[in-house]
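Asks: structure.csv (CSV, C-alpha atoms and all ligand atoms) pasted underneath:
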```
chain,number,residue,atom,x,y,z
A,6,MET,CA,-95.2,-20.9,-56.0
A,7,LYS,CA,-94.8,-22.9,-59.2
A,8,THR,CA,-91.7,-25.0,-59.5
A,9,ALA,CA,-90.1,-24.7,-62.9
A,10,VAL,CA,-89.7,-28.0,-64.6
A,11,TYR,CA,-86.7,-28.1,-67.0
A,12,PRO,CA,-86.6,-30.6,-69.9
A,13,PRO,CA,-83.9,-33.2,-69.6
A,14,VAL,CA,-80.6,-32.0,-71.1
A,15,ASP,CA,-79.9,-33.5,-74.4
A,16,GLU,CA,-76.2,-34.1,-74.1
A,17,SER,CA,-75.8,-35.4,-77.6
A,18,ALA,CA,-76.9,-32.0,-79.0
A,19,ILE,CA,-74.3,-30.3,-76.8
A,20,LEU,CA,-71.6,-32.7,-77.9
A,21,ALA,CA,-72.7,-32.3,-81.6
A,22,ALA,CA,-72.6,-28.5,-81.4
A,23,ASP,CA,-70.0,-27.4,-84.0
A,24,ASP,CA,-68.2,-24.1,-84.1
A,25,ALA,CA,-70.9,-22.5,-86.2
A,26,MET,CA,-73.5,-23.2,-83.5
A,27,TRP,CA,-71.3,-21.7,-80.8
A,28,ASP,CA,-70.8,-18.6,-83.0
A,29,GLN,CA,-74.6,-18.4,-83.3
A,30,PHE,CA,-75.0,-18.5,-79.5
A,31,ALA,CA,-72.4,-15.8,-79.0
A,32,ALA,CA,-74.1,-13.6,-81.5
A,33,GLN,CA,-77.5,-14.1,-79.7
A,34,ARG,CA,-75.9,-13.2,-76.4
A,35,LYS,CA,-74.4,-10.0,-77.9
A,36,ALA,CA,-77.7,-9.0,-79.4
A,37,SER,CA,-79.6,-9.4,-76.2
A,38,ALA,CA,-76.9,-7.4,-74.3
A,39,ALA,CA,-77.2,-4.6,-76.9
A,40,ALA,CA,-81.0,-4.6,-76.5
A,41,LEU,CA,-80.6,-3.5,-72.8
A,42,PRO,CA,-81.0,0.2,-72.3
A,43,ALA,CA,-77.7,2.0,-72.2
A,44,LEU,CA,-76.9,3.1,-68.6
A,45,ASP,CA,-75.1,6.3,-68.0
A,46,ASP,CA,-72.8,6.8,-65.1
A,47,ALA,CA,-75.4,8.7,-63.1
A,48,THR,CA,-77.9,5.9,-63.5
A,49,LEU,CA,-75.3,3.3,-62.5
A,50,ALA,CA,-74.3,5.4,-59.5
A,51,ALA,CA,-77.9,5.7,-58.4
A,52,MET,CA,-78.3,1.9,-58.8
A,53,ASP,CA,-75.2,1.4,-56.7
A,54,ALA,CA,-76.6,3.6,-54.0
A,55,ASP,CA,-80.0,2.0,-54.0
A,56,PRO,CA,-79.6,-1.5,-55.6
A,57,PHE,CA,-83.1,-2.8,-54.5
A,58,GLY,CA,-85.0,0.4,-54.9
A,59,ASP,CA,-85.7,0.4,-51.1
A,60,GLY,CA,-84.1,3.7,-50.2
A,61,PRO,CA,-80.5,4.7,-49.6
A,62,LEU,CA,-78.2,2.4,-47.8
A,63,PRO,CA,-77.9,3.1,-44.1
A,64,LYS,CA,-74.6,4.8,-43.3
A,65,PRO,CA,-72.2,2.4,-41.7
A,66,LYS,CA,-71.9,3.0,-38.0
A,67,LYS,CA,-68.7,4.3,-36.8
A,68,ALA,CA,-66.8,1.4,-35.2
A,69,LYS,CA,-66.6,2.0,-31.5
A,70,LYS,CA,-63.1,2.1,-30.1
A,71,ALA,CA,-62.6,-1.0,-28.0
A,72,TYR,CA,-62.6,-0.2,-24.3
A,73,ASP,CA,-59.2,-0.7,-22.8
A,74,PRO,CA,-59.6,-1.8,-19.2
A,75,GLY,CA,-55.9,-1.4,-18.5
A,76,THR,CA,-54.0,-3.8,-16.3
A,77,ALA,CA,-54.3,-4.7,-12.7
A,78,GLY,CA,-52.3,-2.4,-10.5
A,79,ALA,CA,-50.9,-2.4,-7.0
A,80,ILE,CA,-53.1,-3.7,-4.2
A,81,THR,CA,-52.5,-3.2,-0.5
A,82,ARG,CA,-54.5,-4.6,2.4
A,83,ILE,CA,-55.1,-1.9,5.0
A,84,GLY,CA,-57.4,-3.8,7.3
A,85,PRO,CA,-59.8,-6.8,7.6
A,86,GLY,CA,-61.5,-6.9,4.2
A,87,LEU,CA,-60.2,-3.4,3.3
A,88,TYR,CA,-57.9,-2.8,0.4
A,89,VAL,CA,-56.4,0.1,-1.4
A,90,VAL,CA,-56.4,-0.6,-5.2
A,91,SER,CA,-54.5,1.4,-7.9
A,92,SER,CA,-56.4,2.6,-10.9
A,93,TRP,CA,-55.9,0.1,-13.8
A,94,ARG,CA,-55.6,2.8,-16.5
A,95,ASN,CA,-53.9,5.5,-14.5
A,96,PRO,CA,-51.6,4.2,-11.8
A,97,GLN,CA,-50.7,7.8,-11.0
A,98,ALA,CA,-54.3,8.7,-10.0
A,99,ALA,CA,-55.5,8.5,-6.5
A,100,PRO,CA,-56.2,4.8,-5.7
A,101,TYR,CA,-59.6,3.4,-4.9
A,102,GLN,CA,-60.7,1.9,-1.6
A,103,VAL,CA,-62.4,-1.5,-1.6
A,104,ASN,CA,-64.4,-2.8,1.3
A,105,LEU,CA,-65.2,-6.5,0.9
A,106,GLY,CA,-67.7,-6.5,3.7
A,107,ALA,CA,-69.9,-3.7,2.4
A,108,TYR,CA,-73.4,-4.4,0.9
A,109,GLU,CA,-73.9,-7.6,2.9
A,110,GLY,CA,-70.6,-9.1,1.8
A,111,HIS,CA,-70.9,-8.1,-1.9
A,112,GLY,CA,-68.3,-5.4,-1.4
A,113,SER,CA,-67.9,-1.9,-2.5
A,114,CYS,CA,-65.4,0.3,-4.3
A,115,THR,CA,-64.9,4.1,-4.4
A,116,CYS,CA,-64.3,4.1,-8.2
A,117,PRO,CA,-66.9,5.8,-10.5
A,118,ASP,CA,-67.6,2.6,-12.3
A,119,PHE,CA,-68.8,1.0,-9.1
A,120,GLU,CA,-70.9,4.1,-8.2
A,121,LYS,CA,-72.5,4.1,-11.5
A,122,ARG,CA,-73.0,0.5,-12.5
A,123,HIS,CA,-72.4,-1.9,-9.6
A,124,LYS,CA,-73.6,-0.2,-6.4
A,125,GLY,CA,-76.2,-2.3,-4.6
A,126,ASN,CA,-76.8,-4.8,-7.3
A,127,GLY,CA,-74.3,-7.4,-6.2
A,128,THR,CA,-72.0,-7.0,-9.2
A,129,ALA,CA,-68.3,-6.0,-9.0
A,130,CYS,CA,-66.0,-3.5,-10.7
A,131,LYS,CA,-62.6,-4.7,-11.6
A,132,HIS,CA,-61.0,-3.4,-8.4
A,133,LEU,CA,-63.5,-5.2,-6.2
A,134,THR,CA,-62.9,-8.4,-8.2
A,135,GLN,CA,-59.1,-7.9,-7.9
A,136,ALA,CA,-59.4,-7.4,-4.1
A,137,LYS,CA,-61.7,-10.5,-3.9
A,138,GLU,CA,-59.1,-12.6,-5.7
A,139,GLU,CA,-56.3,-11.2,-3.6
A,140,ALA,CA,-58.2,-12.0,-0.4
A,141,SER,CA,-59.0,-15.5,-1.6
A,142,ARG,CA,-55.3,-16.1,-2.4
A,143,VAL,CA,-54.1,-14.9,0.9
A,144,CYS,CA,-56.8,-16.6,2.8
A,145,LEU,CA,-56.0,-19.9,1.1
A,146,ILE,CA,-52.3,-19.6,2.0
A,147,LYS,CA,-53.2,-18.9,5.6
A,148,ALA,CA,-55.8,-21.7,5.8
A,149,LEU,CA,-53.4,-24.2,4.4
A,150,SER,CA,-51.0,-23.4,7.2
A,151,LEU,CA,-53.6,-24.0,10.0
A,152,PRO,CA,-53.5,-27.3,12.0
A,153,LEU,CA,-56.3,-29.6,10.9
A,154,GLU,CA,-58.3,-29.2,14.1
A,155,ARG,CA,-58.3,-25.4,13.9
A,156,LEU,CA,-59.3,-25.7,10.2
A,157,GLU,CA,-62.2,-27.9,11.1
A,158,ALA,CA,-63.3,-25.5,13.9
A,159,GLN,CA,-63.2,-22.6,11.4
A,160,ALA,CA,-65.3,-24.6,9.0
A,161,GLN,CA,-68.1,-24.7,11.6
A,162,ARG,CA,-68.3,-21.0,12.0
A,163,GLU,CA,-71.0,-19.2,10.2
A,164,ASP,CA,-69.8,-15.6,10.7
A,165,LEU,CA,-66.8,-15.8,8.3
A,166,ARG,CA,-66.7,-13.6,5.3
A,167,PRO,CA,-67.4,-15.6,2.1
A,168,GLU,CA,-63.8,-15.5,0.8
A,169,ILE,CA,-62.5,-16.8,4.1
A,170,HIS,CA,-65.1,-19.5,4.3
A,171,ALA,CA,-64.3,-20.6,0.7
A,172,ALA,CA,-60.6,-20.7,1.6
A,173,VAL,CA,-61.2,-22.8,4.7
A,174,GLU,CA,-63.4,-25.2,2.7
A,175,LYS,CA,-60.8,-25.5,0.0
A,176,ALA,CA,-57.9,-26.0,2.5
A,177,LEU,CA,-60.0,-28.7,4.2
A,178,ARG,CA,-60.5,-30.6,1.0
A,179,VAL,CA,-56.8,-30.4,0.2
A,180,ARG,CA,-56.0,-31.7,3.7
A,181,VAL,CA,-58.5,-34.5,3.7
A,182,VAL,CA,-57.4,-35.6,0.3
A,183,THR,CA,-53.7,-35.4,1.4
A,184,GLN,CA,-54.4,-37.5,4.6
A,185,ARG,CA,-56.2,-40.2,2.6
A,186,GLY,CA,-53.1,-40.6,0.6
A,187,TYR,CA,-54.5,-39.1,-2.6
A,188,ALA,CA,-52.0,-36.3,-2.4
A,189,ARG,CA,-50.3,-35.2,-5.6
A,190,VAL,CA,-46.7,-36.6,-5.8
B,201,ZN,ZN,-63.7,-0.1,-8.6
```
Represent the structure contained in this file as structure tokens.
Ligand SMILES: [Zn+2]
Replies:
Amino acid sequence: MKTAVYPPVDESAILAADDAMWDQFAAQRKASAAALPALDDATLAAMDADPFGDGPLPKPKKAKKAYDPGTAGAITRIGPGLYVVSSWRNPQAAPYQVNLGAYEGHGSCTCPDFEKRHKGNGTACKHLTQAKEEASRVCLIKALSLPLERLEAQAQREDLRPEIHAAVEKALRVRVVTQRGYARV
């Protein structure tokens, strides 16, 4: 592509331009505008619809309504690793049952979302995530209340569910830090 080279601007000519010259420029502009073919409304509308001559504009996609996940509802522990979790969007609906131990510790839920999108691939629906968080919270409280020796013994076990193991490790770190005198004041 050739690069256009413009002559240097002669500022003195611009500064020297008197009113007569400006009138002349204006007349020239007017004449060139008049020389353009007159565009009727139909032509203008067609140009608007297809400004680059590359076909009509694609129709704007309908904005998808943002998905509302609702808010976390009631959660009840009904057994080791078993929880009953309310529907987030419809608390009146039958609650879902979450089993943290299912699928080799990845957990399961009886909601349609889990059935459709999460079953067997290690991912979690919001109810399963909620139950995991609840389990971690309760486990940590329990682990923090254990005497240090029992906590250390628990940490050696390899048969603990992941959320319990994580809580034991966390509690142990808190204890060790506390015993070394790094405890928060
Ligand atoms: Zn679920």
Asks: Would you please work out which residue, of A:Thr134, A:Asn95, A:Thr76, A:Asn126, is nearest to ligand ZN 201 (chain B) when using all atoms listed in the file?
Replies: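 For ligand ZN 201 (chain B), the nearest of the given residues is A:Thr134.
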Asks: Which residues are near ligand ZN 201 (chain B) - at most 10 Å, using all atoms listed in the file? Format: as a ChimeraX atom specification.
Replies: /A:90-93,100-103,113-120,123,129-136
Asks: Using all atoms listed in the file, find the one residue out of A:Pro65, A:Gly60, A:Pro167, A:Gly78 that sits nearest to Leu105 in chain A.
Replies: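 Using all atoms listed in the file, Leu105 in chain A sits closest to A:Pro167.
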Asks: For the point (-70.1, -14.8, 2.8) in the file's frame, write as a list in words all residues with an atom no more than 12 Å away, counting all atoms listed in the file.
Replies: Gly86, Leu105, Gly106, Ala107, Tyr108, Glu109, Gly110, His111, Gly112, Lys137, Ser141, Arg162, Glu163, Asp164, Leu165, Arg166, Pro167, Glu168, Ile169, His170, Ala171 and Ala172 of chain A
Asks: Using all atoms listed in the file, which of A:Ser37, A:Pro152, A:Lys66, A:Glu139 sits nearest Ala79 in chain A?
Replies: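 Comparing A:Ser37, A:Pro152, A:Lys66, A:Glu139 against Ala79 in chain A, the winner is A:Glu139.
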Asks: Do you have the CA of Cys144 in chain A-CA of Val181 in chain A distance handy?
Replies: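 Interatomic distance, CA of Cys144 in chain A to CA of Val181 in chain A: 18.0 Å.
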Asks: Quick one, how far is CA of Ala160 in chain A from CA of Lys147 in chain A?
Replies: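 Taking CA of Ala160 in chain A and CA of Lys147 in chain A, their separation equals 13.8 Å.
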Asks: Please complete range 97-111 of chain A with N, CA and C atoms and give it back as an mmCIF file, in the frame of the given file.
Replies:
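What landed in part_16.cif:
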```
data_model
loop_
_atom_site.group_PDB
_atom_site.id
_atom_site.type_symbol
_atom_site.label_atom_id
_atom_site.label_comp_id
_atom_site.auth_asym_id
_atom_site.auth_seq_id
_atom_site.Cartn_x
_atom_site.Cartn_y
_atom_site.Cartn_z
ATOM 1 N N GLN A 97 -51.076 6.600 -11.681
ATOM 2 C CA GLN A 97 -50.700 7.800 -11.000
ATOM 3 C C GLN A 97 -51.858 8.434 -10.213
ATOM 4 N N ALA A 98 -53.063 8.072 -10.634
ATOM 5 C CA ALA A 98 -54.300 8.700 -10.000
ATOM 6 C C ALA A 98 -54.440 8.169 -8.593
ATOM 7 N N ALA A 99 -55.248 8.871 -7.852
ATOM 8 C CA ALA A 99 -55.500 8.500 -6.500
ATOM 9 C C ALA A 99 -56.138 7.057 -6.486
ATOM 10 N N PRO A 100 -55.645 6.156 -5.638
ATOM 11 C CA PRO A 100 -56.200 4.800 -5.700
ATOM 12 C C PRO A 100 -57.588 4.715 -5.083
ATOM 13 N N TYR A 101 -58.258 3.618 -5.360
ATOM 14 C CA TYR A 101 -59.600 3.400 -4.900
ATOM 15 C C TYR A 101 -59.578 2.550 -3.609
ATOM 16 N N GLN A 102 -60.612 2.713 -2.807
ATOM 17 C CA GLN A 102 -60.700 1.900 -1.600
ATOM 18 C C GLN A 102 -61.787 0.867 -1.739
ATOM 19 N N VAL A 103 -61.432 -0.371 -1.458
ATOM 20 C CA VAL A 103 -62.400 -1.500 -1.600
ATOM 21 C C VAL A 103 -62.696 -2.022 -0.194
ATOM 22 N N ASN A 104 -63.977 -2.211 0.057
ATOM 23 C CA ASN A 104 -64.400 -2.800 1.300
ATOM 24 C C ASN A 104 -65.194 -4.084 0.980
ATOM 25 N N LEU A 105 -64.568 -5.231 1.262
ATOM 26 C CA LEU A 105 -65.200 -6.500 0.900
ATOM 27 C C LEU A 105 -66.453 -6.802 1.672
ATOM 28 N N GLY A 106 -66.572 -6.222 2.860
ATOM 29 C CA GLY A 106 -67.700 -6.500 3.700
ATOM 30 C C GLY A 106 -68.957 -5.692 3.422
ATOM 31 N N ALA A 107 -68.799 -4.637 2.633
ATOM 32 C CA ALA A 107 -69.900 -3.700 2.400
ATOM 33 C C ALA A 107 -71.035 -4.423 1.585
ATOM 34 N N TYR A 108 -72.209 -3.861 1.623
ATOM 35 C CA TYR A 108 -73.400 -4.400 0.900
ATOM 36 C C TYR A 108 -73.564 -5.886 1.163
ATOM 37 N N GLU A 109 -73.649 -6.207 2.447
ATOM 38 C CA GLU A 109 -73.900 -7.600 2.900
ATOM 39 C C GLU A 109 -72.906 -8.581 2.276
ATOM 40 N N GLY A 110 -71.649 -8.169 2.226
ATOM 41 C CA GLY A 110 -70.600 -9.100 1.800
ATOM 42 C C GLY A 110 -70.387 -9.037 0.248
ATOM 43 N N HIS A 111 -71.177 -8.241 -0.475
ATOM 44 C CA HIS A 111 -70.900 -8.100 -1.900
ATOM 45 C C HIS A 111 -69.750 -7.200 -2.193
#
```
